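Q: Okay, here's the structure, questions in a sec.
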Amino acid sequence: SQISTSGLTVKLFFNLDSSTTSKTCSSPSSSTGVGSCIFSNLNVGSWFSTASDTTITAYVQVLYSSVEKIRSNSFSVTLKQAPVISASGSAGMTIDIVKSPLYANDQFTATIYANTGTFELKTWGIDFYFDADVA
């Protein structure tokens with residue numbers, strides 16, 4: 001079976017210091033099954049502390065025709081302490097992720113590192129890939 005995209009809305013919610021922020025993700029592509037959640041103009045740089053790690057909670061909500069059908073369990077996201085980066089560092093991003101096959105219901109951790117040089121991190125995004133032919 002396939003995932004119906006008619007009337008589908010996927011939202012990602014973050015809670016930090018009793019303040020909730022949400023973003024609506026783009027609809028998944030009917031040919032690739034890829035949908036994106038792009039977070040821009042959220043001032044996410046302020047979420048990172050230079051003194052210690054920060055923990056935020058998050059959950060995903062799936063709606064059809066504005067009616068909630070699925071809500072994930074809340075999960076914690078640890079924002080690592082913001083490093084002090086000198087201007088001599090080169091900007092870029094890397095991700096550490098498992099390099100072995102995963103199966104239905106497997107869980108994994110992906111660690112993302114970003115160096116913005118001397119600029120504040122203002123926008124970031126995440127793509128969710130799934131096989132539209134797998135229920």
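Labels for the structure tokens follow display order: chains A, B, ..., residues from 1 in each chain, ligands from 1.
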Excluding A:Lys11 and its own-chain neighbours fewer than 2 positions away, which residues fall within 6 Å of it when counting only C-alpha atoms? Please give them as a PyMOL selection string.
A: chain A and resi 23-25+60-61
Q: Only C-alpha atoms, please: the residues just picked out, written as a PDB file, in the first residue's frame.
A:
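As written to disk, again.pdb reads:
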ATOM      1  CA  LYS A  23       6.734  24.217  11.149  1.00  0.00           C
ATOM      2  CA  THR A  24       4.700  22.574   8.418  1.00  0.00           C
ATOM      3  CA  CYS A  25       6.768  20.240   6.290  1.00  0.00           C
ATOM      4  CA  VAL A  60       5.728  15.002  14.777  1.00  0.00           C
ATOM      5  CA  GLN A  61       2.042  15.393  13.943  1.00  0.00           C
TER       6      GLN A  61
END
Q: Within 9 Å of A:Ser29, counting only C-alpha atoms, which residues qualify if same-chain residues fewer than 5 places away don't, as a PyMOL selection string?
A: chain A and resi 5+34-35
Q: Store the residues of this selection in a file with C-alpha atoms, as a PDB file, in the first residue's frame.
A:
ATOM      1  CA  THR A   5      -0.833  12.632   0.068  1.00  0.00           C
ATOM      2  CA  VAL A  34      10.662  12.672   0.071  1.00  0.00           C
ATOM      3  CA  GLY A  35       9.257  15.517   2.162  1.00  0.00           C
TER       4      GLY A  35
END
Q: With distances taken over only C-alpha atoms, which residue among A:Thr55, A:Ser49, A:Ala82, A:Thr32 lies nearest A:Ser18?
A: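 Closest candidate: A:Thr55.
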Q: Considering only C-alpha atoms, can you say which of A:Val77, A:Cys37, A:Ile97, A:Leu16 comes closest to A:Ile112?
A: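 Between A:Val77, A:Cys37, A:Ile97, A:Leu16, the residue approaching A:Ile112 most closely is A:Ile97.
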Q: Of the candidates A:Ser36, A:Asp96, A:Ser22, A:Trp47, which one gets nearest to A:Phe108 if we count only C-alpha atoms?
A: A:Asp96
Q: Excluding A:Arg71 and its own-chain neighbours fewer than 2 positions away, which residues fall within 8 Å of it when counting only C-alpha atoms? Please give them as a VMD selection string.
A: chain A and resid 59 to 62 68 to 69 73
Q: Grab the residues selected above and save them as a JSON list (two decimals), in the first residue's frame with all heavy atoms.
A:
[["chain", "number", "residue", "atom", "x", "y", "z"],
["A", 59, "TYR", "N", 8.03, 16.64, 18.70],
["A", 59, "TYR", "CA", 7.15, 15.57, 18.24],
["A", 59, "TYR", "C", 6.68, 15.90, 16.83],
["A", 59, "TYR", "O", 6.76, 17.04, 16.38],
["A", 59, "TYR", "CB", 5.96, 15.34, 19.19],
["A", 59, "TYR", "CG", 4.96, 16.47, 19.28],
["A", 59, "TYR", "CD1", 3.86, 16.52, 18.43],
["A", 59, "TYR", "CD2", 5.11, 17.47, 20.23],
["A", 59, "TYR", "CE1", 2.94, 17.56, 18.52],
["A", 59, "TYR", "CE2", 4.19, 18.50, 20.33],
["A", 59, "TYR", "CZ", 3.11, 18.53, 19.48],
["A", 59, "TYR", "OH", 2.20, 19.57, 19.57],
["A", 60, "VAL", "N", 6.22, 14.87, 16.14],
["A", 60, "VAL", "CA", 5.73, 15.00, 14.78],
["A", 60, "VAL", "C", 4.23, 14.74, 14.79],
["A", 60, "VAL", "O", 3.75, 13.84, 15.49],
["A", 60, "VAL", "CB", 6.42, 14.00, 13.83],
["A", 60, "VAL", "CG1", 5.87, 14.09, 12.42],
["A", 60, "VAL", "CG2", 7.93, 14.22, 13.84],
["A", 61, "GLN", "N", 3.49, 15.53, 14.04],
["A", 61, "GLN", "CA", 2.04, 15.39, 13.94],
["A", 61, "GLN", "C", 1.67, 15.20, 12.47],
["A", 61, "GLN", "O", 2.18, 15.92, 11.60],
["A", 61, "GLN", "CB", 1.38, 16.65, 14.50],
["A", 61, "GLN", "CG", -0.13, 16.65, 14.45],
["A", 61, "GLN", "CD", -0.70, 17.99, 14.89],
["A", 61, "GLN", "OE1", -0.31, 19.03, 14.37],
["A", 61, "GLN", "NE2", -1.60, 17.96, 15.85],
["A", 62, "VAL", "N", 0.81, 14.23, 12.20],
["A", 62, "VAL", "CA", 0.32, 13.98, 10.84],
["A", 62, "VAL", "C", -1.17, 14.24, 10.82],
["A", 62, "VAL", "O", -1.92, 13.71, 11.65],
["A", 62, "VAL", "CB", 0.61, 12.53, 10.40],
["A", 62, "VAL", "CG1", 0.03, 12.26, 9.01],
["A", 62, "VAL", "CG2", 2.10, 12.25, 10.42],
["A", 68, "GLU", "N", -6.09, 15.66, 13.07],
["A", 68, "GLU", "CA", -4.93, 14.90, 13.53],
["A", 68, "GLU", "C", -5.22, 13.41, 13.46],
["A", 68, "GLU", "O", -6.22, 12.94, 13.99],
["A", 68, "GLU", "CB", -4.56, 15.28, 14.96],
["A", 68, "GLU", "CG", -3.34, 14.53, 15.46],
["A", 68, "GLU", "CD", -2.97, 14.88, 16.88],
["A", 68, "GLU", "OE1", -2.45, 15.99, 17.11],
["A", 68, "GLU", "OE2", -3.22, 14.04, 17.75],
["A", 69, "LYS", "N", -4.31, 12.68, 12.80],
["A", 69, "LYS", "CA", -4.45, 11.23, 12.68],
["A", 69, "LYS", "C", -3.37, 10.49, 13.46],
["A", 69, "LYS", "O", -3.62, 9.42, 13.99],
["A", 69, "LYS", "CB", -4.38, 10.79, 11.20],
["A", 69, "LYS", "CG", -5.52, 11.35, 10.36],
["A", 69, "LYS", "CD", -6.85, 10.79, 10.82],
["A", 69, "LYS", "CE", -7.98, 11.29, 9.93],
["A", 69, "LYS", "NZ", -9.28, 10.77, 10.34],
["A", 73, "ASN", "N", 5.30, 10.03, 19.81],
["A", 73, "ASN", "CA", 5.68, 10.29, 21.19],
["A", 73, "ASN", "C", 6.66, 11.45, 21.19],
["A", 73, "ASN", "O", 7.41, 11.63, 20.22],
["A", 73, "ASN", "CB", 6.34, 9.06, 21.81],
["A", 73, "ASN", "CG", 5.37, 7.91, 22.00],
["A", 73, "ASN", "OD1", 4.18, 8.12, 22.22],
["A", 73, "ASN", "ND2", 5.87, 6.70, 21.91]]
Q: Just how far from atom CA of A:Ser4 is atom CA of A:Ser27, in Å to one decimal?
A: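 Atom CA of A:Ser4 lies at a distance of 10.5 Å from atom CA of A:Ser27.
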Q: Just the helix (DSSP H, G or I) stuff from stretch 14-118 of chain A, please, per backbone DSSP, written as a PDB file with all heavy atoms, in the first residue's frame.
A:
ATOM      1  N   VAL A  44      17.194  30.054  15.332  1.00  0.00           N
ATOM      2  CA  VAL A  44      17.589  28.858  16.064  1.00  0.00           C
ATOM      3  C   VAL A  44      18.968  28.995  16.703  1.00  0.00           C
ATOM      4  O   VAL A  44      19.286  28.258  17.627  1.00  0.00           O
ATOM      5  CB  VAL A  44      17.527  27.588  15.184  1.00  0.00           C
ATOM      6  CG1 VAL A  44      16.107  27.292  14.768  1.00  0.00           C
ATOM      7  CG2 VAL A  44      18.456  27.697  13.994  1.00  0.00           C
ATOM      8  N   GLY A  45      19.762  29.931  16.232  1.00  0.00           N
ATOM      9  CA  GLY A  45      21.056  30.157  16.874  1.00  0.00           C
ATOM     10  C   GLY A  45      20.909  30.491  18.341  1.00  0.00           C
ATOM     11  O   GLY A  45      21.759  30.146  19.166  1.00  0.00           O
ATOM     12  N   SER A  46      19.806  31.126  18.713  1.00  0.00           N
ATOM     13  CA  SER A  46      19.576  31.474  20.115  1.00  0.00           C
ATOM     14  C   SER A  46      19.210  30.258  20.955  1.00  0.00           C
ATOM     15  O   SER A  46      19.214  30.323  22.181  1.00  0.00           O
ATOM     16  CB  SER A  46      18.466  32.532  20.227  1.00  0.00           C
ATOM     17  OG  SER A  46      17.223  31.980  19.826  1.00  0.00           O
ATOM     18  N   TRP A  47      18.875  29.138  20.322  1.00  0.00           N
ATOM     19  CA  TRP A  47      18.543  27.923  21.068  1.00  0.00           C
ATOM     20  C   TRP A  47      19.789  27.271  21.657  1.00  0.00           C
ATOM     21  O   TRP A  47      19.699  26.476  22.575  1.00  0.00           O
ATOM     22  CB  TRP A  47      17.862  26.906  20.165  1.00  0.00           C
ATOM     23  CG  TRP A  47      16.535  27.322  19.611  1.00  0.00           C
ATOM     24  CD1 TRP A  47      15.904  28.525  19.762  1.00  0.00           C
ATOM     25  CD2 TRP A  47      15.676  26.546  18.785  1.00  0.00           C
ATOM     26  NE1 TRP A  47      14.710  28.540  19.093  1.00  0.00           N
ATOM     27  CE2 TRP A  47      14.542  27.330  18.477  1.00  0.00           C
ATOM     28  CE3 TRP A  47      15.758  25.264  18.269  1.00  0.00           C
ATOM     29  CZ2 TRP A  47      13.511  26.860  17.691  1.00  0.00           C
ATOM     30  CZ3 TRP A  47      14.716  24.809  17.480  1.00  0.00           C
ATOM     31  CH2 TRP A  47      13.603  25.595  17.207  1.00  0.00           C
TER      32      TRP A  47
END
Q: Residues within 12 Å of A:Tyr113, please, as number ranges by chain. Count only C-alpha atoms; anything in the same chain fewer than 6 positions from it doesn't count.
A: A: 79-83, 91-97, 121, 124
Q: How many Å lie between atom CA of A:Thr57 and atom CA of A:Ser74, rounded to one decimal?
A: 6.3 Å
Q: Please determine, counting only C-alpha atoms, which residue among A:Leu63, A:Ser31, A:Ala110, A:Ile56 has the shortest atom-to-atom distance to A:Phe75.
A: A:Ile56
Q: Smallest atom-to-atom distance to A:Thr9: which of A:Thr116, A:Ser65, A:Thr21, A:Thr54, using only C-alpha atoms?
A: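 Closest to A:Thr9 of all the choices is A:Ser65.
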Q: From a backbone DSSP assignment, name each residue in stretch 20-119 of chain A labelled strand (DSSP E), as a PDB file with N, CA and C atoms, in the first residue's frame.
A:
ATOM      1  N   THR A  20       6.607  26.769  22.432  1.00  0.00           N
ATOM      2  CA  THR A  20       6.508  25.785  21.360  1.00  0.00           C
ATOM      3  C   THR A  20       6.567  26.470  19.999  1.00  0.00           C
ATOM      4  N   THR A  21       7.380  25.918  19.126  1.00  0.00           N
ATOM      5  CA  THR A  21       7.519  26.387  17.760  1.00  0.00           C
ATOM      6  C   THR A  21       7.160  25.234  16.839  1.00  0.00           C
ATOM      7  N   SER A  22       6.423  25.513  15.783  1.00  0.00           N
ATOM      8  CA  SER A  22       6.096  24.444  14.845  1.00  0.00           C
ATOM      9  C   SER A  22       6.334  24.916  13.422  1.00  0.00           C
ATOM     10  N   LYS A  23       6.578  23.952  12.573  1.00  0.00           N
ATOM     11  CA  LYS A  23       6.734  24.217  11.149  1.00  0.00           C
ATOM     12  C   LYS A  23       6.007  23.132  10.379  1.00  0.00           C
ATOM     13  N   THR A  24       5.355  23.524   9.303  1.00  0.00           N
ATOM     14  CA  THR A  24       4.700  22.574   8.418  1.00  0.00           C
ATOM     15  C   THR A  24       5.713  22.113   7.385  1.00  0.00           C
ATOM     16  N   GLY A  35       9.828  14.261   1.697  1.00  0.00           N
ATOM     17  CA  GLY A  35       9.257  15.517   2.162  1.00  0.00           C
ATOM     18  C   GLY A  35      10.297  16.235   2.994  1.00  0.00           C
ATOM     19  N   SER A  36      10.260  17.542   3.051  1.00  0.00           N
ATOM     20  CA  SER A  36      11.268  18.310   3.778  1.00  0.00           C
ATOM     21  C   SER A  36      10.634  19.209   4.821  1.00  0.00           C
ATOM     22  N   CYS A  37      11.342  19.380   5.915  1.00  0.00           N
ATOM     23  CA  CYS A  37      10.981  20.376   6.924  1.00  0.00           C
ATOM     24  C   CYS A  37      12.117  21.391   6.937  1.00  0.00           C
ATOM     25  N   ILE A  38      11.862  22.593   6.465  1.00  0.00           N
ATOM     26  CA  ILE A  38      12.882  23.640   6.410  1.00  0.00           C
ATOM     27  C   ILE A  38      12.553  24.666   7.488  1.00  0.00           C
ATOM     28  N   PHE A  39      13.529  24.948   8.313  1.00  0.00           N
ATOM     29  CA  PHE A  39      13.340  25.878   9.416  1.00  0.00           C
ATOM     30  C   PHE A  39      14.122  27.145   9.125  1.00  0.00           C
ATOM     31  N   THR A  54      21.858  22.065  25.622  1.00  0.00           N
ATOM     32  CA  THR A  54      20.457  22.421  25.835  1.00  0.00           C
ATOM     33  C   THR A  54      19.604  21.262  25.329  1.00  0.00           C
ATOM     34  N   THR A  55      18.562  20.915  26.063  1.00  0.00           N
ATOM     35  CA  THR A  55      17.665  19.851  25.624  1.00  0.00           C
ATOM     36  C   THR A  55      16.314  20.454  25.273  1.00  0.00           C
ATOM     37  N   ILE A  56      15.838  20.122  24.091  1.00  0.00           N
ATOM     38  CA  ILE A  56      14.499  20.521  23.684  1.00  0.00           C
ATOM     39  C   ILE A  56      13.694  19.246  23.459  1.00  0.00           C
ATOM     40  N   THR A  57      12.382  19.359  23.519  1.00  0.00           N
ATOM     41  CA  THR A  57      11.536  18.215  23.198  1.00  0.00           C
ATOM     42  C   THR A  57      10.860  18.487  21.862  1.00  0.00           C
ATOM     43  N   ALA A  58      10.519  17.417  21.181  1.00  0.00           N
ATOM     44  CA  ALA A  58       9.922  17.543  19.861  1.00  0.00           C
ATOM     45  C   ALA A  58       8.931  16.413  19.642  1.00  0.00           C
ATOM     46  N   TYR A  59       8.025  16.643  18.703  1.00  0.00           N
ATOM     47  CA  TYR A  59       7.147  15.575  18.238  1.00  0.00           C
ATOM     48  C   TYR A  59       6.678  15.901  16.828  1.00  0.00           C
ATOM     49  N   VAL A  60       6.223  14.870  16.145  1.00  0.00           N
ATOM     50  CA  VAL A  60       5.728  15.002  14.777  1.00  0.00           C
ATOM     51  C   VAL A  60       4.229  14.740  14.794  1.00  0.00           C
ATOM     52  N   GLN A  61       3.494  15.534  14.040  1.00  0.00           N
ATOM     53  CA  GLN A  61       2.042  15.393  13.943  1.00  0.00           C
ATOM     54  C   GLN A  61       1.675  15.201  12.472  1.00  0.00           C
ATOM     55  N   VAL A  62       0.806  14.230  12.196  1.00  0.00           N
ATOM     56  CA  VAL A  62       0.324  13.981  10.843  1.00  0.00           C
ATOM     57  C   VAL A  62      -1.175  14.245  10.825  1.00  0.00           C
ATOM     58  N   LEU A  63      -1.591  15.100   9.900  1.00  0.00           N
ATOM     59  CA  LEU A  63      -2.999  15.450   9.768  1.00  0.00           C
ATOM     60  C   LEU A  63      -3.467  15.136   8.358  1.00  0.00           C
ATOM     61  N   TYR A  64      -4.725  14.753   8.245  1.00  0.00           N
ATOM     62  CA  TYR A  64      -5.397  14.637   6.951  1.00  0.00           C
ATOM     63  C   TYR A  64      -6.599  15.552   7.004  1.00  0.00           C
ATOM     64  N   VAL A  67      -7.349  17.236  10.269  1.00  0.00           N
ATOM     65  CA  VAL A  67      -7.708  16.398  11.412  1.00  0.00           C
ATOM     66  C   VAL A  67      -6.491  15.564  11.794  1.00  0.00           C
ATOM     67  N   GLU A  68      -6.087  15.664  13.072  1.00  0.00           N
ATOM     68  CA  GLU A  68      -4.927  14.902  13.527  1.00  0.00           C
ATOM     69  C   GLU A  68      -5.219  13.413  13.463  1.00  0.00           C
ATOM     70  N   LYS A  69      -4.311  12.675  12.796  1.00  0.00           N
ATOM     71  CA  LYS A  69      -4.449  11.226  12.677  1.00  0.00           C
ATOM     72  C   LYS A  69      -3.372  10.494  13.465  1.00  0.00           C
ATOM     73  N   ILE A  70      -2.184  11.079  13.506  1.00  0.00           N
ATOM     74  CA  ILE A  70      -1.058  10.451  14.201  1.00  0.00           C
ATOM     75  C   ILE A  70      -0.242  11.536  14.875  1.00  0.00           C
ATOM     76  N   ARG A  71       0.192  11.261  16.102  1.00  0.00           N
ATOM     77  CA  ARG A  71       1.136  12.137  16.796  1.00  0.00           C
ATOM     78  C   ARG A  71       2.204  11.229  17.392  1.00  0.00           C
ATOM     79  N   PHE A  75      10.016  13.309  21.905  1.00  0.00           N
ATOM     80  CA  PHE A  75      11.378  12.831  22.001  1.00  0.00           C
ATOM     81  C   PHE A  75      12.284  14.016  22.300  1.00  0.00           C
ATOM     82  N   SER A  76      13.403  13.726  22.922  1.00  0.00           N
ATOM     83  CA  SER A  76      14.352  14.771  23.300  1.00  0.00           C
ATOM     84  C   SER A  76      15.385  14.960  22.209  1.00  0.00           C
ATOM     85  N   VAL A  77      15.770  16.211  22.016  1.00  0.00           N
ATOM     86  CA  VAL A  77      16.846  16.559  21.094  1.00  0.00           C
ATOM     87  C   VAL A  77      17.858  17.362  21.906  1.00  0.00           C
ATOM     88  N   THR A  78      19.088  16.882  21.946  1.00  0.00           N
ATOM     89  CA  THR A  78      20.134  17.596  22.675  1.00  0.00           C
ATOM     90  C   THR A  78      20.888  18.495  21.717  1.00  0.00           C
ATOM     91  N   LEU A  79      20.846  19.791  21.994  1.00  0.00           N
ATOM     92  CA  LEU A  79      21.614  20.761  21.225  1.00  0.00           C
ATOM     93  C   LEU A  79      22.939  20.933  21.951  1.00  0.00           C
ATOM     94  N   GLY A  92      30.768  24.864   6.878  1.00  0.00           N
ATOM     95  CA  GLY A  92      30.277  23.634   6.267  1.00  0.00           C
ATOM     96  C   GLY A  92      29.503  22.811   7.277  1.00  0.00           C
ATOM     97  N   MET A  93      28.984  21.683   6.819  1.00  0.00           N
ATOM     98  CA  MET A  93      28.226  20.783   7.680  1.00  0.00           C
ATOM     99  C   MET A  93      28.665  19.357   7.412  1.00  0.00           C
ATOM    100  N   THR A  94      28.640  18.538   8.461  1.00  0.00           N
ATOM    101  CA  THR A  94      28.882  17.106   8.316  1.00  0.00           C
ATOM    102  C   THR A  94      27.824  16.364   9.130  1.00  0.00           C
ATOM    103  N   ILE A  95      27.608  15.116   8.777  1.00  0.00           N
ATOM    104  CA  ILE A  95      26.668  14.276   9.507  1.00  0.00           C
ATOM    105  C   ILE A  95      27.311  12.918   9.734  1.00  0.00           C
ATOM    106  N   ASP A  96      27.220  12.425  10.956  1.00  0.00           N
ATOM    107  CA  ASP A  96      27.648  11.067  11.286  1.00  0.00           C
ATOM    108  C   ASP A  96      26.390  10.222  11.380  1.00  0.00           C
ATOM    109  N   THR A 111      24.206  12.406  14.006  1.00  0.00           N
ATOM    110  CA  THR A 111      24.772  13.592  14.631  1.00  0.00           C
ATOM    111  C   THR A 111      25.192  14.567  13.535  1.00  0.00           C
ATOM    112  N   ILE A 112      24.682  15.803  13.614  1.00  0.00           N
ATOM    113  CA  ILE A 112      24.966  16.813  12.606  1.00  0.00           C
ATOM    114  C   ILE A 112      25.848  17.891  13.231  1.00  0.00           C
ATOM    115  N   TYR A 113      26.906  18.241  12.526  1.00  0.00           N
ATOM    116  CA  TYR A 113      27.811  19.300  12.961  1.00  0.00           C
ATOM    117  C   TYR A 113      27.762  20.430  11.938  1.00  0.00           C
ATOM    118  N   ALA A 114      27.667  21.655  12.427  1.00  0.00           N
ATOM    119  CA  ALA A 114      27.627  22.806  11.519  1.00  0.00           C
ATOM    120  C   ALA A 114      28.654  23.835  11.963  1.00  0.00           C
ATOM    121  N   ASN A 115      29.396  24.346  11.012  1.00  0.00           N
ATOM    122  CA  ASN A 115      30.318  25.447  11.251  1.00  0.00           C
ATOM    123  C   ASN A 115      29.872  26.574  10.331  1.00  0.00           C
TER     124      ASN A 115
END
Q: In Å to one decimal, how far is atom CA of A:Phe119 from atom CA of A:Ser19?
A: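 Taking atom CA of A:Ser19 and atom CA of A:Phe119, their separation equals 24.6 Å.
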